[in-house]
$ cat input-v3.pdb   # PDB, C-alpha atoms and all ligand atoms
ATOM      1  CA  MET A 761       0.000   0.000   0.000  1.00  0.00           C
ATOM      2  CA  ALA A 762       1.500   3.277  -1.084  1.00  0.00           C
ATOM      3  CA  ARG A 763       0.644   5.868   1.497  1.00  0.00           C
ATOM      4  CA  LYS A 764       1.587   9.511   1.562  1.00  0.00           C
ATOM      5  CA  ALA A 765       3.619   8.924  -1.552  1.00  0.00           C
ATOM      6  CA  LEU A 766       2.895  12.125  -3.420  1.00  0.00           C
ATOM      7  CA  THR A 767       6.162  13.707  -4.463  1.00  0.00           C
ATOM      8  CA  ALA A 768       6.704  17.202  -5.781  1.00  0.00           C
ATOM      9  CA  ALA A 769       6.795  15.678  -9.254  1.00  0.00           C
ATOM     10  CA  ASP A 770       3.467  13.964  -8.626  1.00  0.00           C
ATOM     11  CA  LEU A 771       1.916  17.207  -7.491  1.00  0.00           C
ATOM     12  CA  LYS A 772       3.233  18.972 -10.586  1.00  0.00           C
ATOM     13  CA  LYS A 773       1.680  16.309 -12.762  1.00  0.00           C
ATOM     14  CA  TYR A 774      -1.683  16.532 -11.026  1.00  0.00           C
ATOM     15  CA  GLU A 775      -1.578  20.282 -11.138  1.00  0.00           C
ATOM     16  CA  ALA A 776      -0.975  20.178 -14.886  1.00  0.00           C
ATOM     17  CA  ALA A 777      -3.823  17.700 -15.295  1.00  0.00           C
ATOM     18  CA  LEU A 778      -6.120  19.872 -13.201  1.00  0.00           C
ATOM     19  CA  ARG A 779      -5.298  22.949 -15.224  1.00  0.00           C
ATOM     20  CA  HIS A 780      -5.999  21.023 -18.384  1.00  0.00           C
ATOM     21  CA  MET A 781      -9.313  19.803 -17.006  1.00  0.00           C
ATOM     22  CA  LEU A 782     -10.202  23.303 -15.962  1.00  0.00           C
ATOM     23  CA  GLY A 783      -9.664  24.362 -19.544  1.00  0.00           C
ATOM     24  CA  VAL A 784     -11.980  21.602 -20.652  1.00  0.00           C
ATOM     25  CA  VAL A 785     -14.812  22.313 -18.244  1.00  0.00           C
ATOM     26  CA  THR A 786     -14.650  26.037 -18.758  1.00  0.00           C
ATOM     27  CA  GLY A 787     -14.744  25.521 -22.516  1.00  0.00           C
ATOM     28  CA  ASP A 788     -11.308  26.890 -23.273  1.00  0.00           C
ATOM     29  CA  ILE A 789     -10.486  23.892 -25.379  1.00  0.00           C
ATOM     30  CA  ASP A 790     -12.666  24.258 -28.425  1.00  0.00           C
ATOM     31  CA  VAL A 791     -11.227  21.310 -30.294  1.00  0.00           C
ATOM     32  CA  LEU A 792     -12.327  18.959 -27.598  1.00  0.00           C
ATOM     33  CA  ALA A 793     -15.815  20.367 -27.491  1.00  0.00           C
ATOM     34  CA  GLU A 794     -16.074  19.867 -31.223  1.00  0.00           C
ATOM     35  CA  GLU A 795     -14.763  16.351 -30.968  1.00  0.00           C
ATOM     36  CA  THR A 796     -17.344  15.558 -28.321  1.00  0.00           C
ATOM     37  CA  SER A 797     -20.273  16.800 -30.371  1.00  0.00           C
ATOM     38  CA  HIS A 798     -19.082  14.726 -33.289  1.00  0.00           C
ATOM     39  CA  GLU A 799     -19.049  11.735 -31.024  1.00  0.00           C
ATOM     40  CA  ALA A 800     -22.568  12.375 -29.913  1.00  0.00           C
ATOM     41  CA  GLY A 801     -23.764  12.679 -33.476  1.00  0.00           C
ATOM     42  CA  ARG A 802     -22.103   9.554 -34.752  1.00  0.00           C
ATOM     43  CA  ASP A 803     -22.855   7.431 -31.748  1.00  0.00           C
ATOM     44  CA  VAL A 804     -19.706   5.357 -32.037  1.00  0.00           C
ATOM     45  CA  SER A 805     -17.221   4.314 -29.463  1.00  0.00           C
ATOM     46  CA  THR A 806     -14.333   6.603 -28.664  1.00  0.00           C
ATOM     47  CA  GLU A 807     -11.899   3.956 -29.775  1.00  0.00           C
ATOM     48  CA  ASP A 808     -11.346   5.127 -33.319  1.00  0.00           C
ATOM     49  CA  ALA A 809     -10.819   8.678 -32.164  1.00  0.00           C
ATOM     50  CA  GLY A 810      -7.388   7.676 -30.928  1.00  0.00           C
ATOM     51  CA  SER A 811      -6.203   6.895 -27.468  1.00  0.00           C
ATOM     52  CA  GLU A 812      -5.190  10.477 -26.734  1.00  0.00           C
ATOM     53  CA  ILE A 813      -8.684  11.752 -27.307  1.00  0.00           C
ATOM     54  CA  ALA A 814     -10.136   8.738 -25.574  1.00  0.00           C
ATOM     55  CA  ALA A 815      -8.227   9.578 -22.443  1.00  0.00           C
ATOM     56  CA  LEU A 816      -9.492  13.125 -22.536  1.00  0.00           C
ATOM     57  CA  GLU A 817     -12.948  11.893 -23.358  1.00  0.00           C
ATOM     58  CA  LEU A 818     -12.868   9.873 -20.187  1.00  0.00           C
ATOM     59  CA  SER A 819     -12.127  13.002 -18.232  1.00  0.00           C
ATOM     60  CA  LEU A 820     -14.934  14.809 -19.981  1.00  0.00           C
ATOM     61  CA  GLU A 821     -17.362  12.077 -19.125  1.00  0.00           C
ATOM     62  CA  LEU A 822     -16.380  12.199 -15.514  1.00  0.00           C
ATOM     63  CA  LEU A 823     -16.474  15.935 -15.456  1.00  0.00           C
ATOM     64  CA  GLY A 824     -19.476  17.059 -17.317  1.00  0.00           C
ATOM     65  CA  LYS A 825     -19.287  20.747 -18.045  1.00  0.00           C
ATOM     66  CA  ASP A 826     -20.573  22.559 -15.078  1.00  0.00           C
ATOM     67  CA  GLU A 827     -19.549  25.224 -12.673  1.00  0.00           C
ATOM     68  CA  GLN A 828     -19.498  22.902  -9.726  1.00  0.00           C
ATOM     69  CA  THR A 829     -16.862  20.768 -11.378  1.00  0.00           C
ATOM     70  CA  ALA A 830     -14.830  23.829 -12.290  1.00  0.00           C
ATOM     71  CA  GLN A 831     -15.046  24.841  -8.636  1.00  0.00           C
ATOM     72  CA  GLU A 832     -13.907  21.426  -7.502  1.00  0.00           C
ATOM     73  CA  ILE A 833     -10.907  21.660  -9.784  1.00  0.00           C
ATOM     74  CA  LEU A 834     -10.100  25.098  -8.410  1.00  0.00           C
ATOM     75  CA  ASP A 835     -10.434  23.712  -4.894  1.00  0.00           C
ATOM     76  CA  ALA A 836      -8.050  20.916  -5.788  1.00  0.00           C
ATOM     77  CA  LEU A 837      -5.530  23.449  -7.091  1.00  0.00           C
ATOM     78  CA  ASP A 838      -5.904  25.311  -3.802  1.00  0.00           C
ATOM     79  CA  ARG A 839      -5.239  22.103  -1.916  1.00  0.00           C
ATOM     80  CA  ILE A 840      -2.050  21.622  -3.890  1.00  0.00           C
ATOM     81  CA  LYS A 841      -0.949  25.110  -2.873  1.00  0.00           C
ATOM     82  CA  ALA A 842      -1.913  24.425   0.729  1.00  0.00           C
ATOM     83  CA  LYS A 843      -0.088  21.089   0.625  1.00  0.00           C
ATOM     84  CA  ALA A 844      -3.298  19.344   1.579  1.00  0.00           C
ATOM     85  CA  TYR A 845      -3.781  17.701  -1.784  1.00  0.00           C
ATOM     86  CA  GLY A 846      -4.344  13.964  -1.944  1.00  0.00           C
ATOM     87  CA  ASP A 847      -5.924  13.448   1.446  1.00  0.00           C
ATOM     88  CA  CYS A 848      -9.544  12.384   1.724  1.00  0.00           C
ATOM     89  CA  GLU A 849     -11.635  15.185   3.172  1.00  0.00           C
ATOM     90  CA  GLU A 850     -13.908  12.730   4.937  1.00  0.00           C
ATOM     91  CA  CYS A 851     -11.598  10.240   6.605  1.00  0.00           C
ATOM     92  CA  GLY A 852      -8.234  11.957   6.184  1.00  0.00           C
ATOM     93  CA  GLU A 853      -6.633   8.939   4.563  1.00  0.00           C
ATOM     94  CA  PRO A 854      -4.447   9.445   1.498  1.00  0.00           C
ATOM     95  CA  ILE A 855      -6.458   9.041  -1.688  1.00  0.00           C
ATOM     96  CA  PRO A 856      -4.982   6.173  -3.759  1.00  0.00           C
ATOM     97  CA  LYS A 857      -2.857   7.394  -6.634  1.00  0.00           C
ATOM     98  CA  GLY A 858      -4.876   5.399  -9.115  1.00  0.00           C
ATOM     99  CA  ARG A 859      -7.925   7.417  -8.186  1.00  0.00           C
ATOM    100  CA  LEU A 860      -6.066  10.691  -8.471  1.00  0.00           C
ATOM    101  CA  GLU A 861      -4.785   9.680 -11.882  1.00  0.00           C
ATOM    102  CA  ALA A 862      -8.310   9.084 -13.104  1.00  0.00           C
ATOM    103  CA  MET A 863      -9.826  11.988 -11.232  1.00  0.00           C
ATOM    104  CA  PRO A 864      -7.267  14.545 -10.096  1.00  0.00           C
ATOM    105  CA  HIS A 865      -9.937  16.729  -8.518  1.00  0.00           C
ATOM    106  CA  ALA A 866     -11.183  13.916  -6.272  1.00  0.00           C
ATOM    107  CA  ARG A 867     -11.588  15.173  -2.743  1.00  0.00           C
ATOM    108  CA  ASN A 868     -12.555  11.865  -1.182  1.00  0.00           C
ATOM    109  CA  CYS A 869     -11.274   8.329  -1.292  1.00  0.00           C
ATOM    110  CA  ILE A 870     -13.401   5.807  -3.108  1.00  0.00           C
ATOM    111  CA  ASP A 871     -15.009   4.408   0.033  1.00  0.00           C
ATOM    112  CA  CYS A 872     -16.074   7.817   1.257  1.00  0.00           C
ATOM    113  CA  GLN A 873     -17.193   8.870  -2.194  1.00  0.00           C
ATOM    114  CA  ARG A 874     -19.402   5.794  -2.456  1.00  0.00           C
ATOM    115  CA  ALA A 875     -20.844   6.443   0.952  1.00  0.00           C
ATOM    116  CA  LEU A 876     -21.510  10.057   0.047  1.00  0.00           C
ATOM    117  CA  GLU A 877     -23.142   9.136  -3.228  1.00  0.00           C
ATOM    118  CA  LYS A 878     -25.390   6.637  -1.528  1.00  0.00           C
ATOM    119  CA  GLY A 879     -26.402   9.201   1.030  1.00  0.00           C
ATOM    120  CA  THR A 880     -26.821  12.134  -1.304  1.00  0.00           C
ATOM    121  CA  TYR A 881     -28.452  10.690  -4.365  1.00  0.00           C
TER     122      TYR A 881
HETATM  123 ZN    ZN A 901     -12.107   8.648   2.883  1.00  0.00          ZN
END

$ encode --input "input-v3.pdb" --output "structure tokens"
Amino acid sequence: MARKALTAADLKKYEAALRHMLGVVTGDIDVLAEETSHEAGRDVSTEDAGSEIAALELSLELLGKDEQTAQEILDALDRIKAKAYGDCEECGEPIPKGRLEAMPHARNCIDCQRALEKGTY
């Protein structure tokens, strides 16, 4: 179990990812938006769009394009600055790296997130 293993390089990587995602959710990346609408129209899998796009597509799916998500990304960037990034806000445990890779703006570990989702929705 890797615990508390976020290095400065890790944080840099997540920060870059977060900034990229912020660009996506705030609509700064027009190409992606276009790509997504094409997808919707054609109703095909993301596979033939290339793995690069597919990876971004995954982020888009997770994100949606809403202000709340943008805020969560901003919060995550704040946590990086405050050196509080990567810890679950509910239980205080380090969020597994795999989860941060898939969802750099995650504020909770998977267990807490599941519990929250069950309770909230
Ligand atoms: Zn937790």

$ resolve_selection --input "input-v3.pdb" --expression "the PyMOL selection byres (((not hetatm)) within 8 of (chain A and resi 901))" --output "PDB file with C-alpha atoms, keeping the file's coordinate frame"
ATOM      1  CA  ASP A 847      -5.924  13.448   1.446  1.00  0.00           C
ATOM      2  CA  CYS A 848      -9.544  12.384   1.724  1.00  0.00           C
ATOM      3  CA  GLU A 849     -11.635  15.185   3.172  1.00  0.00           C
ATOM      4  CA  GLU A 850     -13.908  12.730   4.937  1.00  0.00           C
ATOM      5  CA  CYS A 851     -11.598  10.240   6.605  1.00  0.00           C
ATOM      6  CA  GLY A 852      -8.234  11.957   6.184  1.00  0.00           C
ATOM      7  CA  GLU A 853      -6.633   8.939   4.563  1.00  0.00           C
ATOM      8  CA  PRO A 854      -4.447   9.445   1.498  1.00  0.00           C
ATOM      9  CA  ILE A 855      -6.458   9.041  -1.688  1.00  0.00           C
ATOM     10  CA  ASN A 868     -12.555  11.865  -1.182  1.00  0.00           C
ATOM     11  CA  CYS A 869     -11.274   8.329  -1.292  1.00  0.00           C
ATOM     12  CA  ILE A 870     -13.401   5.807  -3.108  1.00  0.00           C
ATOM     13  CA  ASP A 871     -15.009   4.408   0.033  1.00  0.00           C
ATOM     14  CA  CYS A 872     -16.074   7.817   1.257  1.00  0.00           C
ATOM     15  CA  GLN A 873     -17.193   8.870  -2.194  1.00  0.00           C
TER      16      GLN A 873
END

$ atom_distance --input "input-v3.pdb" --atom1 "CA of Met863 in chain A" --atom2 "CA of Gly787 in chain A"
18.3 Å

$ closest_residue --input "input-v3.pdb" --among "A:Ala768, A:Ala844, A:Ala866, A:Ile833" --to "Met781 in chain A" --atoms "all atoms listed in the file"
A:Ile833

$ atom_distance --input "input-v3.pdb" --atom1 "CA of Ala777 in chain A" --atom2 "CA of Glu861 in chain A"
8.8 Å

$ atom_distance --input "input-v3.pdb" --atom1 "CA of His780 in chain A" --atom2 "CA of Ala842 in chain A"
19.8 Å

$ closest_residue --input "input-v3.pdb" --among "A:Lys843, A:His865, A:Lys878, A:Arg859" --to "Thr829 in chain A" --atoms "all atoms listed in the file"
A:His865

$ closest_residue --input "input-v3.pdb" --among "A:Leu766, A:Val784, A:Ala875, A:Glu775" --to "Lys841 in chain A" --atoms "all atoms listed in the file"
A:Glu775

$ residues_near_point --input "input-v3.pdb" --point "(-7.2, 21.3, -8.8)" --cutoff "7 Å" --atoms "all atoms listed in the file" --output "list in words"
Glu775, Leu778, Arg779, Glu832, Ile833, Leu834, Asp835, Ala836, Leu837, Asp838, Pro864 and His865 of chain A
